[in-house]
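Next up, entry16.csv (CSV, C-alpha atoms and all ligand atoms):
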chain,number,residue,atom,x,y,z
A,1098,MET,CA,136.5,37.5,139.1
A,1099,ARG,CA,139.3,38.1,136.5
A,1100,TYR,CA,138.9,37.5,132.7
A,1101,GLU,CA,141.4,38.4,130.0
A,1102,THR,CA,139.0,40.4,127.8
A,1103,VAL,CA,136.0,41.2,130.0
A,1104,LEU,CA,135.7,43.4,133.2
A,1105,VAL,CA,133.1,42.7,135.8
A,1106,ASP,CA,132.3,45.3,138.5
A,1107,ILE,CA,129.5,44.6,141.0
A,1108,GLU,CA,128.0,47.4,143.0
A,1109,GLU,CA,124.6,47.8,144.6
A,1110,LYS,CA,123.4,44.5,143.1
A,1111,ILE,CA,124.3,45.7,139.6
A,1112,ALA,CA,126.9,43.7,137.6
A,1113,LYS,CA,128.5,45.9,135.0
A,1114,VAL,CA,130.0,43.6,132.4
A,1115,THR,CA,132.4,45.4,130.1
A,1116,MET,CA,133.8,43.9,126.9
A,1117,ASN,CA,137.3,45.0,127.3
A,1118,ARG,CA,139.5,45.1,124.1
A,1119,PRO,CA,139.4,48.9,123.6
A,1120,ASP,CA,142.5,48.8,121.3
A,1121,LYS,CA,140.4,46.6,119.0
A,1122,LYS,CA,137.1,48.4,119.6
A,1123,ASN,CA,136.0,45.4,121.6
A,1124,ALA,CA,135.7,43.2,118.5
A,1125,MET,CA,134.8,39.6,119.5
A,1126,ASN,CA,137.9,37.4,119.2
A,1127,PRO,CA,137.8,33.7,120.4
A,1128,GLN,CA,139.1,34.7,123.9
A,1129,LEU,CA,136.2,37.2,124.4
A,1130,ILE,CA,133.7,34.5,123.3
A,1131,VAL,CA,135.2,32.1,125.9
A,1132,ASP,CA,135.3,34.9,128.6
A,1133,MET,CA,131.7,36.0,128.0
A,1134,SER,CA,130.5,32.5,128.3
A,1135,GLN,CA,132.4,32.1,131.6
A,1136,VAL,CA,131.3,35.5,133.0
A,1137,LEU,CA,127.6,34.6,132.4
A,1138,GLU,CA,128.1,31.2,134.0
A,1139,ASP,CA,129.8,32.8,137.1
A,1140,LEU,CA,127.2,35.6,137.5
A,1141,ARG,CA,124.3,33.2,137.2
A,1142,TYR,CA,124.9,31.9,140.7
A,1143,ASN,CA,126.3,35.2,142.2
A,1144,ASP,CA,123.6,36.5,144.6
A,1145,ASP,CA,125.4,39.9,144.6
A,1146,ALA,CA,124.5,40.4,141.0
A,1147,LYS,CA,120.8,40.9,140.5
A,1148,VAL,CA,120.8,42.9,137.2
A,1149,LEU,CA,123.4,42.8,134.4
A,1150,VAL,CA,124.5,45.7,132.3
A,1151,LEU,CA,126.5,44.9,129.2
A,1152,THR,CA,128.7,47.6,127.7
A,1153,GLY,CA,132.1,48.2,126.0
A,1154,ALA,CA,135.3,49.8,127.1
A,1155,GLY,CA,136.4,53.1,125.5
A,1156,ASN,CA,134.5,54.6,122.6
A,1157,SER,CA,133.0,51.3,121.3
A,1158,PHE,CA,130.3,49.0,122.5
A,1159,CYS,CA,131.6,46.2,120.2
A,1160,ALA,CA,132.9,46.3,116.6
A,1161,GLY,CA,131.3,42.9,115.8
A,1162,MET,CA,133.4,39.8,115.1
A,1163,ASP,CA,137.1,40.1,115.2
A,1164,LEU,CA,137.7,40.0,111.4
A,1165,LYS,CA,141.3,38.9,111.8
A,1166,GLU,CA,141.2,36.4,114.6
A,1167,PHE,CA,137.7,35.0,114.0
A,1168,PHE,CA,137.3,34.9,110.3
A,1169,HIS,CA,140.8,35.3,108.8
A,1170,GLU,CA,142.8,33.0,111.2
A,1171,LEU,CA,140.1,30.4,111.8
A,1172,LYS,CA,137.7,30.1,109.0
A,1173,GLY,CA,139.0,27.6,106.3
A,1174,LYS,CA,142.3,27.3,108.2
A,1175,LYS,CA,141.2,25.7,111.5
A,1176,PRO,CA,137.6,24.5,110.6
A,1177,GLN,CA,137.0,22.6,113.9
A,1178,GLU,CA,138.1,25.5,116.0
A,1179,TYR,CA,136.0,27.8,113.9
A,1180,ASP,CA,133.0,25.6,114.4
A,1181,ARG,CA,133.6,25.4,118.1
A,1182,MET,CA,133.9,29.2,118.5
A,1183,TRP,CA,130.9,29.8,116.1
A,1184,ARG,CA,128.8,27.5,118.3
A,1185,LEU,CA,130.0,29.0,121.6
A,1186,LEU,CA,129.3,32.5,120.2
A,1187,GLN,CA,125.7,31.6,119.3
A,1188,GLU,CA,125.2,29.9,122.6
A,1189,TRP,CA,126.3,32.7,124.9
A,1190,ARG,CA,124.0,35.2,123.2
A,1191,GLY,CA,121.2,33.2,121.6
A,1192,ARG,CA,120.5,31.0,124.5
A,1193,THR,CA,122.4,32.0,127.7
A,1194,LEU,CA,121.9,35.8,127.5
A,1195,ARG,CA,118.4,35.6,125.9
A,1196,PHE,CA,117.1,33.3,128.6
A,1197,TYR,CA,119.3,34.6,131.4
A,1198,PRO,CA,117.5,34.2,134.8
A,1199,LYS,CA,118.3,37.9,135.7
A,1200,PRO,CA,117.4,41.1,133.9
A,1201,THR,CA,119.9,42.4,131.4
A,1202,ILE,CA,120.5,45.8,129.9
A,1203,ALA,CA,122.7,46.7,126.9
A,1204,MET,CA,124.4,50.0,127.4
A,1205,VAL,CA,125.4,50.9,123.9
A,1206,ASN,CA,128.1,53.5,124.3
A,1207,GLY,CA,129.7,53.7,120.9
A,1208,TYR,CA,130.4,51.6,117.8
A,1209,CYS,CA,128.1,48.7,117.3
A,1210,PHE,CA,128.7,46.7,114.1
A,1211,GLY,CA,127.3,43.6,112.5
A,1212,GLY,CA,128.1,40.7,114.8
A,1213,ALA,CA,127.4,42.9,117.8
A,1214,PHE,CA,123.7,43.3,116.9
A,1215,PRO,CA,122.7,40.0,118.7
A,1216,ASN,CA,124.5,41.2,121.8
A,1217,VAL,CA,122.0,44.1,121.9
A,1218,GLU,CA,119.0,42.0,120.8
A,1219,CYS,CA,119.6,39.3,123.5
A,1220,CYS,CA,119.6,41.8,126.3
A,1221,ASP,CA,116.1,42.5,127.7
A,1222,ILE,CA,116.4,46.3,127.5
A,1223,ALA,CA,118.8,48.4,125.4
A,1224,ILE,CA,119.7,52.1,126.0
A,1225,ALA,CA,122.1,53.8,123.6
A,1226,ALA,CA,124.1,57.0,123.5
A,1227,ASP,CA,122.7,59.4,121.0
A,1228,GLU,CA,126.1,59.4,119.5
A,1229,ALA,CA,126.5,55.6,119.2
A,1230,MET,CA,127.2,54.4,115.7
A,1231,PHE,CA,125.4,51.3,114.4
A,1232,GLY,CA,126.0,49.6,111.1
A,1233,LEU,CA,125.6,46.3,109.3
A,1234,SER,CA,129.0,46.5,107.8
A,1235,GLU,CA,129.1,43.0,106.4
A,1236,ILE,CA,128.0,44.1,102.9
A,1237,ASN,CA,131.0,46.4,102.8
A,1238,PHE,CA,133.4,43.5,103.0
A,1239,GLY,CA,131.3,41.3,100.7
A,1240,LEU,CA,129.4,39.2,103.3
A,1241,PHE,CA,125.8,39.3,104.5
A,1242,PRO,CA,124.5,39.7,108.1
A,1243,GLY,CA,125.5,36.1,108.9
A,1244,GLY,CA,125.4,33.8,111.9
A,1245,HIS,CA,122.7,35.2,114.3
A,1246,VAL,CA,122.6,38.7,112.8
A,1247,SER,CA,119.9,38.0,110.1
A,1248,LYS,CA,117.7,36.5,112.8
A,1249,THR,CA,118.2,39.6,114.9
A,1250,LEU,CA,117.1,41.7,112.0
A,1251,ALA,CA,114.1,39.4,111.5
A,1252,ASN,CA,113.2,39.6,115.2
A,1253,MET,CA,113.7,43.3,115.8
A,1254,PHE,CA,113.8,45.4,112.6
A,1255,ARG,CA,111.1,46.6,110.3
A,1256,PRO,CA,111.5,44.8,107.0
A,1257,ARG,CA,112.4,48.0,105.1
A,1258,ASP,CA,115.0,49.0,107.6
A,1259,ALA,CA,116.6,45.5,107.7
A,1260,LEU,CA,117.1,45.4,104.0
A,1261,LEU,CA,118.0,49.1,103.6
A,1262,TYR,CA,120.8,48.9,106.2
A,1263,GLY,CA,121.7,45.3,105.3
A,1264,MET,CA,122.2,46.1,101.7
A,1265,THR,CA,123.9,49.5,102.1
A,1266,GLY,CA,126.0,49.1,105.2
A,1267,ARG,CA,125.0,52.7,106.0
A,1268,GLN,CA,125.6,53.8,109.6
A,1269,PHE,CA,122.9,55.1,111.9
A,1270,ASN,CA,123.1,56.7,115.4
A,1271,GLY,CA,121.5,55.9,118.7
A,1272,LYS,CA,118.6,58.3,118.1
A,1273,LYS,CA,117.8,56.4,114.9
A,1274,ALA,CA,118.2,53.1,116.6
A,1275,ALA,CA,115.6,54.2,119.2
A,1276,GLU,CA,113.2,55.4,116.5
A,1277,MET,CA,113.5,52.0,114.8
A,1278,GLY,CA,112.9,50.2,118.1
A,1279,PHE,CA,116.3,48.4,118.2
A,1280,VAL,CA,117.0,50.2,121.5
A,1281,ASN,CA,114.4,51.5,124.0
A,1282,TYR,CA,115.7,55.0,123.9
A,1283,SER,CA,118.9,57.1,123.6
A,1284,VAL,CA,120.4,59.8,125.8
A,1285,PRO,CA,123.5,62.0,125.3
A,1286,LEU,CA,126.7,59.9,125.9
A,1287,ALA,CA,127.6,62.1,128.9
A,1288,GLN,CA,124.3,60.9,130.6
A,1289,LEU,CA,124.3,57.3,129.5
A,1290,GLU,CA,125.9,55.6,132.5
A,1291,THR,CA,123.8,57.5,135.0
A,1292,GLU,CA,120.7,56.8,133.1
A,1293,VAL,CA,121.3,53.1,132.8
A,1294,MET,CA,122.4,52.6,136.4
A,1295,THR,CA,119.3,54.4,137.6
A,1296,LEU,CA,117.2,52.1,135.5
A,1297,ALA,CA,119.2,49.0,136.7
A,1298,LYS,CA,118.6,50.0,140.3
A,1299,GLU,CA,114.9,50.5,139.8
A,1300,ILE,CA,114.7,47.0,138.3
A,1301,ALA,CA,116.9,45.6,141.1
A,1302,GLY,CA,114.3,46.9,143.6
A,1303,LYS,CA,111.7,44.4,142.3
A,1304,ASP,CA,111.3,40.8,143.3
A,1305,ALA,CA,113.9,38.5,141.6
A,1306,HIS,CA,111.5,35.6,141.1
A,1307,ALA,CA,108.8,37.9,139.6
A,1308,LEU,CA,111.5,39.4,137.3
A,1309,LYS,CA,112.5,36.0,136.1
A,1310,ALA,CA,108.9,35.0,135.5
A,1311,THR,CA,108.3,38.2,133.5
A,1312,LYS,CA,111.1,37.3,131.2
A,1313,ASP,CA,110.2,33.6,130.9
A,1314,ALA,CA,106.6,34.3,130.2
A,1315,TYR,CA,107.4,36.9,127.5
A,1316,ARG,CA,110.3,35.1,125.8
A,1317,HIS,CA,108.7,31.6,125.7
A,1318,SER,CA,105.3,32.9,124.7
A,1319,LEU,CA,106.9,34.3,121.5
A,1320,ASP,CA,107.4,30.7,120.3
A,1321,MET,CA,104.0,29.3,121.4
A,1322,GLY,CA,100.5,29.2,120.2
A,1323,TRP,CA,97.7,30.8,122.2
A,1324,GLU,CA,96.6,27.7,124.1
A,1325,ALA,CA,100.2,26.7,125.0
A,1326,ALA,CA,101.0,30.2,126.1
A,1327,LEU,CA,98.1,30.3,128.5
A,1328,ASN,CA,98.9,26.9,129.8
A,1329,TYR,CA,102.5,27.9,130.4
A,1330,SER,CA,101.5,31.1,132.1
A,1331,ARG,CA,99.1,29.3,134.4
A,1332,ALA,CA,101.9,26.9,135.4
A,1333,LYS,CA,104.3,29.8,135.9
A,1334,GLU,CA,101.8,31.5,138.2
A,1335,ASP,CA,101.9,28.4,140.5
A,1336,GLU,CA,105.7,28.1,140.1
A,1337,LEU,CA,106.0,31.7,141.2
A,1338,TYR,CA,103.7,31.2,144.1
A,1339,LEU,CA,105.9,28.3,145.4
A,1340,ALA,CA,109.2,30.1,144.6
A,1341,GLN,CA,108.1,33.2,146.5
A,1342,ASN,CA,106.5,31.5,149.5
A,1343,GLY,CA,103.2,33.0,148.3
A,1344,ALA,CA,104.5,36.5,148.4
A,1345,TRP,CA,102.6,37.9,145.4
A,1346,VAL,CA,99.3,36.8,146.8
A,1347,GLU,CA,99.8,37.4,150.5
A,1348,SER,CA,102.1,40.5,150.7
A,1349,GLY,CA,101.4,41.8,147.2
A,1350,ILE,CA,97.7,41.6,146.9
A,1351,GLY,CA,97.0,41.1,150.6
A,1352,ASP,CA,98.7,44.3,151.7
A,1353,PHE,CA,96.9,46.2,148.9
A,1354,MET,CA,93.6,45.0,150.2
A,1355,LYS,CA,94.7,46.2,153.7
A,1356,GLY,CA,95.3,49.6,152.1
A,1357,LEU,CA,99.0,49.5,152.9
A,1358,TYR,CA,100.3,50.5,149.4
A,1359,LYS,CA,99.1,51.1,145.9
A,1360,PRO,CA,100.7,48.8,143.3
A,1361,GLY,CA,99.6,51.1,140.5
A,1362,LEU,CA,102.0,53.7,141.9
A,1363,GLY,CA,105.0,51.6,142.9
A,1364,GLY,CA,106.5,48.5,144.5
A,1365,HIS,CA,106.2,47.2,148.0
A,1366,GLU,CA,109.3,46.0,149.9
A,1367,GLU,CA,107.3,43.4,151.9
A,1368,ILE,CA,107.0,41.2,148.8
A,1369,GLU,CA,110.7,40.6,148.5
A,1370,LYS,CA,111.0,40.2,152.3
A,1371,LYS,CA,108.6,37.3,152.2
A,1372,SER,CA,109.8,36.0,148.8
A,1373,GLY,CA,113.4,35.8,150.0
B,1,LIG,N1,138.0,43.1,113.9
B,1,LIG,C1,139.3,43.2,114.2
B,1,LIG,N2,139.9,44.3,114.5
B,1,LIG,C2,139.2,45.4,114.5
B,1,LIG,C3,137.8,45.4,114.3
B,1,LIG,C4,137.2,44.2,114.0
B,1,LIG,N3,135.9,44.0,113.8
B,1,LIG,N4,137.3,46.7,114.4
B,1,LIG,C5,138.4,47.4,114.8
B,1,LIG,N5,139.5,46.7,114.8
B,1,LIG,C6,140.8,47.1,115.1
B,1,LIG,C7,141.5,47.9,114.0
B,1,LIG,O1,142.0,47.0,113.0
B,1,LIG,C8,142.6,48.7,114.7
B,1,LIG,O2,143.6,47.8,115.0
B,1,LIG,P1,145.2,48.3,114.9
B,1,LIG,O3,145.2,49.4,115.9
B,1,LIG,O4,145.9,47.1,115.3
B,1,LIG,O5,145.3,48.7,113.5
B,1,LIG,C9,141.9,49.0,116.0
B,1,LIG,O6,140.8,48.1,116.2
B,1,LIG,C10,141.3,50.4,116.0
B,1,LIG,O7,140.4,50.5,114.9
B,1,LIG,P2,140.5,51.8,113.9
B,1,LIG,O8,140.0,51.3,112.6
B,1,LIG,O9,141.9,52.4,113.9
B,1,LIG,O10,139.5,52.8,114.7
B,1,LIG,P3,138.5,53.9,114.0
B,1,LIG,O11,137.9,54.6,115.2
B,1,LIG,O12,139.2,54.7,113.0
B,1,LIG,O13,137.4,53.0,113.3
B,1,LIG,C11,135.7,51.2,113.1
B,1,LIG,C12,136.6,52.1,114.1
B,1,LIG,C13,135.0,50.3,114.1
B,1,LIG,C14,134.8,52.1,112.3
B,1,LIG,C15,136.6,50.5,112.2
B,1,LIG,O14,137.7,49.9,112.9
B,1,LIG,C16,135.9,49.4,111.4
B,1,LIG,O15,135.3,49.6,110.4
B,1,LIG,N6,136.0,48.1,112.0
B,1,LIG,C17,135.3,47.0,111.4
B,1,LIG,C18,133.8,47.0,111.7
B,1,LIG,C19,133.2,45.7,111.1
B,1,LIG,O16,133.1,45.6,110.0
B,1,LIG,N7,132.9,44.8,112.0
B,1,LIG,C20,132.6,43.5,111.7
B,1,LIG,C21,131.1,43.2,111.8
B,1,LIG,S1,130.9,41.4,111.8
Target encoding structure tokens, full file:
Amino acid sequence: MRYETVLVDIEEKIAKVTMNRPDKKNAMNPQLIVDMSQVLEDLRYNDDAKVLVLTGAGNSFCAGMDLKEFFHELKGKKPQEYDRMWRLLQEWRGRTLRFYPKPTIAMVNGYCFGGAFPNVECCDIAIAADEAMFGLSEINFGLFPGGHVSKTLANMFRPRDALLYGMTGRQFNGKKAAEMGFVNYSVPLAQLETEVMTLAKEIAGKDAHALKATKDAYRHSLDMGWEAALNYSRAKEDELYLAQNGAWVESGIGDFMKGLYKPGLGGHEEIEKKSG
């Protein structure tokens, strides 16, 4: 798989997806938007990729929108192309990545500005380097957190933090991002990749159907009332039973009842063998 602005490396069921414009701090230009859309489409059906890790090349995760190629060269000058790219951008993060059928982890290795916040939000899990630098820089160039970014703030930030950082453009590091709950936790940059890959392998050891159901139930419940959420969960339970050939009931619960393993202490490989 070759893309102009994105690298994909697959090893041990983990697809590492690297936004790869290090000379431009991985700012999202139209080509990167097109490439990310295609990467996600290609990996969706690739059985070698069970978990996705999203990161950036060099010392940057992603410096947000490419201010020159996205705003300066398109907005106002090529309105249809701007509209097409704007929609594609919202689509690959807001829908495709958010509801991706496989677990996703953002590995925030460095700069993460404005337009890149939704890239982090739409991954299921996010781990940052302590040294990573986050910022809502839009206010500094006279904009506001536009597109999907204000919705990311509404979804993930405490109100005081959203407005403090949105109105000042002040930077914060990975430790602070973890304290705010925007990432799960942070580790020193030197340990980041090992930490994330260990986590990715742990998740890759679980049943793929159960992982998808975990995401679906959580993400769709967010938009539902209580009755609808229960109804959806009940239907998912039966869908999962069918998708797994009954694995969670027979190998999962059945083997626990036979005393073959303790689910409270870890997984059981027979589940995935039956589930397929
Ligand atoms: N859009 C377009 N180009 C960008 C960019 C962006 N968002 N962020 C960085 N670049 C480019 C720089 O223009 C520079 O290009 P050049 O070498 O052709 O001059 C190159 O990437 C390297 O950036 P530089 O500023 O020299 O690196 P730095 O380490 O000193 O600073 C940043 C890095 C990220 C702090 C700084 O580039 C910056 O403030 N970028 C804008 C961040 C931003 O506001 N993003 C938009 C959010 S929507």
Kindly assemble as JSON lines a list of the chain A residues that lie within 6 Å of ligand LIG 1 (chain B), each paired with its nearest atom pair and their distance in Å to one decimal, using only C-alpha atoms and all ligand atoms, sorted first by chain and then by ascending residue number.
{"residue": "A:Asp1120", "atom": "CA", "partner": "B:LIG1", "partner_atom": "C9", "distance": 5.3}
{"residue": "A:Lys1121", "atom": "CA", "partner": "B:LIG1", "partner_atom": "O6", "distance": 3.2}
{"residue": "A:Lys1122", "atom": "CA", "partner": "B:LIG1", "partner_atom": "O6", "distance": 5.0}
{"residue": "A:Ala1124", "atom": "CA", "partner": "B:LIG1", "partner_atom": "N3", "distance": 4.8}
{"residue": "A:Ala1160", "atom": "CA", "partner": "B:LIG1", "partner_atom": "N3", "distance": 4.7}
{"residue": "A:Gly1161", "atom": "CA", "partner": "B:LIG1", "partner_atom": "C21", "distance": 4.0}
{"residue": "A:Met1162", "atom": "CA", "partner": "B:LIG1", "partner_atom": "S1", "distance": 4.4}
{"residue": "A:Asp1163", "atom": "CA", "partner": "B:LIG1", "partner_atom": "N1", "distance": 3.4}
{"residue": "A:Leu1164", "atom": "CA", "partner": "B:LIG1", "partner_atom": "N1", "distance": 4.0}
{"residue": "A:Lys1165", "atom": "CA", "partner": "B:LIG1", "partner_atom": "C1", "distance": 5.3}
{"residue": "A:Phe1210", "atom": "CA", "partner": "B:LIG1", "partner_atom": "C21", "distance": 4.8}
{"residue": "A:Gly1211", "atom": "CA", "partner": "B:LIG1", "partner_atom": "C21", "distance": 3.9}
{"residue": "A:Gly1212", "atom": "CA", "partner": "B:LIG1", "partner_atom": "S1", "distance": 4.2}
{"residue": "A:Ser1234", "atom": "CA", "partner": "B:LIG1", "partner_atom": "O16", "distance": 4.7}
{"residue": "A:Glu1235", "atom": "CA", "partner": "B:LIG1", "partner_atom": "C21", "distance": 5.8}
(message) Here is a test: counting all atoms listed in the file, which residue of A:Ala1305, A:Cys1219, A:Val1105, A:Leu1151 is nearest to A:Leu1337?
(response)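 Of all the options, A:Ala1305 lies closest to A:Leu1337.
Taking atom CA of A:Pro1285 and atom CA of A:Leu1308 as the two end points, the separation is 28.3 Å.
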(request) Determine, counting only C-alpha atoms, which protein, DNA and RNA residues have an atom within 12 Å of an atom of A:Asp1304; residues of the same chain fewer than 4 positions away are not included. Present the result as a PyMOL selection string. (result) chain A and resi 1147-1148+1199-1200+1299-1300+1308-1311+1337+1340-1341+1344-1345+1348-1349+1364-1373
(request) Quick one: pull the distance between atom CA of A:Asn1281 and atom CA of A:Gly1244, Å, one decimal. (result)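 Separation between atom CA of A:Asn1281 and atom CA of A:Gly1244: 24.1 Å.
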(message) One number please: atom CA of A:Met1321 to atom CA of A:Tyr1338, in Å, one decimal.
(response)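 Those two atoms sit 22.8 Å apart.
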(request) Name the closest residue to A:Thr1249 among the candidates A:Val1280, A:Ala1223, A:Val1217, A:Ala1301; distances are taken between atoms, counting all atoms listed in the file. (result)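 Nearest to A:Thr1249: A:Val1217.
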(message) Which residues are close to A:Leu1260, i.e. within 12 Å by all atoms listed in the file, leaving aside same-chain residues fewer than 4 positions away? Reply as a ChimeraX atom specification.
(response) /A:1233,1236,1241-1242,1247,1250-1251,1254-1256,1264-1267
Would you mind exporting C-alpha atoms of the selected residues as a PDB file, in the coordinates of the input?
ATOM      1  CA  LEU A1233     125.600  46.300 109.300  1.00  0.00           C
ATOM      2  CA  ILE A1236     128.000  44.100 102.900  1.00  0.00           C
ATOM      3  CA  PHE A1241     125.800  39.300 104.500  1.00  0.00           C
ATOM      4  CA  PRO A1242     124.500  39.700 108.100  1.00  0.00           C
ATOM      5  CA  SER A1247     119.900  38.000 110.100  1.00  0.00           C
ATOM      6  CA  LEU A1250     117.100  41.700 112.000  1.00  0.00           C
ATOM      7  CA  ALA A1251     114.100  39.400 111.500  1.00  0.00           C
ATOM      8  CA  PHE A1254     113.800  45.400 112.600  1.00  0.00           C
ATOM      9  CA  ARG A1255     111.100  46.600 110.300  1.00  0.00           C
ATOM     10  CA  PRO A1256     111.500  44.800 107.000  1.00  0.00           C
ATOM     11  CA  MET A1264     122.200  46.100 101.700  1.00  0.00           C
ATOM     12  CA  THR A1265     123.900  49.500 102.100  1.00  0.00           C
ATOM     13  CA  GLY A1266     126.000  49.100 105.200  1.00  0.00           C
ATOM     14  CA  ARG A1267     125.000  52.700 106.000  1.00  0.00           C
TER      15      ARG A1267
END
(message) (130.5, 36.6, 143.6) in this file's frame - what residues fall within 12 Å of it? Use all atoms listed in the file and give the answer as number ranges by chain.
(response) A: 1098-1099, 1105-1108, 1110-1112, 1136-1147
Emit the selected residues as a short mmCIF file (atom, residue, chain, number, x, y, z; two decimals), keeping the file's coordinate frame, including C-alpha atoms.
data_model
loop_
_atom_site.label_atom_id
_atom_site.label_comp_id
_atom_site.auth_asym_id
_atom_site.auth_seq_id
_atom_site.Cartn_x
_atom_site.Cartn_y
_atom_site.Cartn_z
CA MET A 1098 136.50 37.50 139.10
CA ARG A 1099 139.30 38.10 136.50
CA VAL A 1105 133.10 42.70 135.80
CA ASP A 1106 132.30 45.30 138.50
CA ILE A 1107 129.50 44.60 141.00
CA GLU A 1108 128.00 47.40 143.00
CA LYS A 1110 123.40 44.50 143.10
CA ILE A 1111 124.30 45.70 139.60
CA ALA A 1112 126.90 43.70 137.60
CA VAL A 1136 131.30 35.50 133.00
CA LEU A 1137 127.60 34.60 132.40
CA GLU A 1138 128.10 31.20 134.00
CA ASP A 1139 129.80 32.80 137.10
CA LEU A 1140 127.20 35.60 137.50
CA ARG A 1141 124.30 33.20 137.20
CA TYR A 1142 124.90 31.90 140.70
CA ASN A 1143 126.30 35.20 142.20
CA ASP A 1144 123.60 36.50 144.60
CA ASP A 1145 125.40 39.90 144.60
CA ALA A 1146 124.50 40.40 141.00
CA LYS A 1147 120.80 40.90 140.50
#
(message) Calculated over all atoms listed in the file, which of the candidates A:Asn1156, A:Thr1102, A:Asn1237, A:Asn1206 has the smallest distance to A:Glu1290?
(response) A:Asn1206
(message) Using only C-alpha atoms, which protein or nucleic acid residues come within 10 Å of A:Thr1193? Drop anything in the same chain fewer than 2 positions from it, and give the result as a ChimeraX atom specification.
(response) /A:1134,1137-1138,1141,1187-1191,1195-1198,1219
(request) List the neighbours of A:Tyr1179 out to 12 Å using all atoms listed in the file; skip same-chain residues closer than 3 positions along the sequence, and give me the result as a list in words. (result) Asn1126, Pro1127, Ile1130, Glu1166, Phe1167, Phe1168, His1169, Glu1170, Leu1171, Lys1172, Gly1173, Lys1174, Lys1175, Pro1176, Met1182, Trp1183, Arg1184, Leu1185 and Leu1186 of chain A
Could you add the missing atoms to stretch 1278-1290 of chain A, up to N, CA, C and O atoms, and return them as a PDB file, in the coordinates of the input?
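Output below, filename rebuild_18.pdb:
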ATOM      1  N   GLY A1278     113.287  51.155 117.070  1.00  0.00           N
ATOM      2  CA  GLY A1278     112.900  50.200 118.100  1.00  0.00           C
ATOM      3  C   GLY A1278     113.971  49.137 118.384  1.00  0.00           C
ATOM      4  O   GLY A1278     113.717  48.162 119.090  1.00  0.00           O
ATOM      5  N   PHE A1279     115.185  49.360 117.888  1.00  0.00           N
ATOM      6  CA  PHE A1279     116.300  48.400 118.200  1.00  0.00           C
ATOM      7  C   PHE A1279     116.770  48.638 119.623  1.00  0.00           C
ATOM      8  O   PHE A1279     117.249  47.726 120.270  1.00  0.00           O
ATOM      9  N   VAL A1280     116.707  49.884 120.092  1.00  0.00           N
ATOM     10  CA  VAL A1280     117.000  50.200 121.500  1.00  0.00           C
ATOM     11  C   VAL A1280     115.739  50.870 122.062  1.00  0.00           C
ATOM     12  O   VAL A1280     114.927  51.412 121.306  1.00  0.00           O
ATOM     13  N   ASN A1281     115.609  50.852 123.375  1.00  0.00           N
ATOM     14  CA  ASN A1281     114.400  51.500 124.000  1.00  0.00           C
ATOM     15  C   ASN A1281     114.407  52.971 123.779  1.00  0.00           C
ATOM     16  O   ASN A1281     113.396  53.566 123.417  1.00  0.00           O
ATOM     17  N   TYR A1282     115.552  53.592 124.088  1.00  0.00           N
ATOM     18  CA  TYR A1282     115.700  55.000 123.900  1.00  0.00           C
ATOM     19  C   TYR A1282     117.182  55.381 123.921  1.00  0.00           C
ATOM     20  O   TYR A1282     118.022  54.512 124.242  1.00  0.00           O
ATOM     21  N   SER A1283     117.471  56.627 123.589  1.00  0.00           N
ATOM     22  CA  SER A1283     118.900  57.100 123.600  1.00  0.00           C
ATOM     23  C   SER A1283     118.966  58.351 124.438  1.00  0.00           C
ATOM     24  O   SER A1283     117.981  59.092 124.550  1.00  0.00           O
ATOM     25  N   VAL A1284     120.137  58.571 124.990  1.00  0.00           N
ATOM     26  CA  VAL A1284     120.400  59.800 125.800  1.00  0.00           C
ATOM     27  C   VAL A1284     121.807  60.274 125.338  1.00  0.00           C
ATOM     28  O   VAL A1284     122.596  59.481 124.810  1.00  0.00           O
ATOM     29  N   PRO A1285     122.147  61.522 125.617  1.00  0.00           N
ATOM     30  CA  PRO A1285     123.500  62.000 125.300  1.00  0.00           C
ATOM     31  C   PRO A1285     124.530  61.069 126.014  1.00  0.00           C
ATOM     32  O   PRO A1285     124.291  60.646 127.158  1.00  0.00           O
ATOM     33  N   LEU A1286     125.638  60.828 125.354  1.00  0.00           N
ATOM     34  CA  LEU A1286     126.700  59.900 125.900  1.00  0.00           C
ATOM     35  C   LEU A1286     127.032  60.302 127.345  1.00  0.00           C
ATOM     36  O   LEU A1286     127.199  59.431 128.203  1.00  0.00           O
ATOM     37  N   ALA A1287     127.129  61.600 127.604  1.00  0.00           N
ATOM     38  CA  ALA A1287     127.600  62.100 128.900  1.00  0.00           C
ATOM     39  C   ALA A1287     126.571  61.594 130.028  1.00  0.00           C
ATOM     40  O   ALA A1287     126.940  61.500 131.191  1.00  0.00           O
ATOM     41  N   GLN A1288     125.335  61.326 129.639  1.00  0.00           N
ATOM     42  CA  GLN A1288     124.300  60.900 130.600  1.00  0.00           C
ATOM     43  C   GLN A1288     124.063  59.405 130.636  1.00  0.00           C
ATOM     44  O   GLN A1288     123.259  58.912 131.430  1.00  0.00           O
ATOM     45  N   LEU A1289     124.716  58.699 129.714  1.00  0.00           N
ATOM     46  CA  LEU A1289     124.300  57.300 129.500  1.00  0.00           C
ATOM     47  C   LEU A1289     124.475  56.429 130.730  1.00  0.00           C
ATOM     48  O   LEU A1289     123.542  55.719 131.121  1.00  0.00           O
ATOM     49  N   GLU A1290     125.631  56.479 131.339  1.00  0.00           N
ATOM     50  CA  GLU A1290     125.900  55.600 132.500  1.00  0.00           C
ATOM     51  C   GLU A1290     124.935  55.872 133.628  1.00  0.00           C
ATOM     52  O   GLU A1290     124.361  54.961 134.235  1.00  0.00           O
TER      53      GLU A1290
END
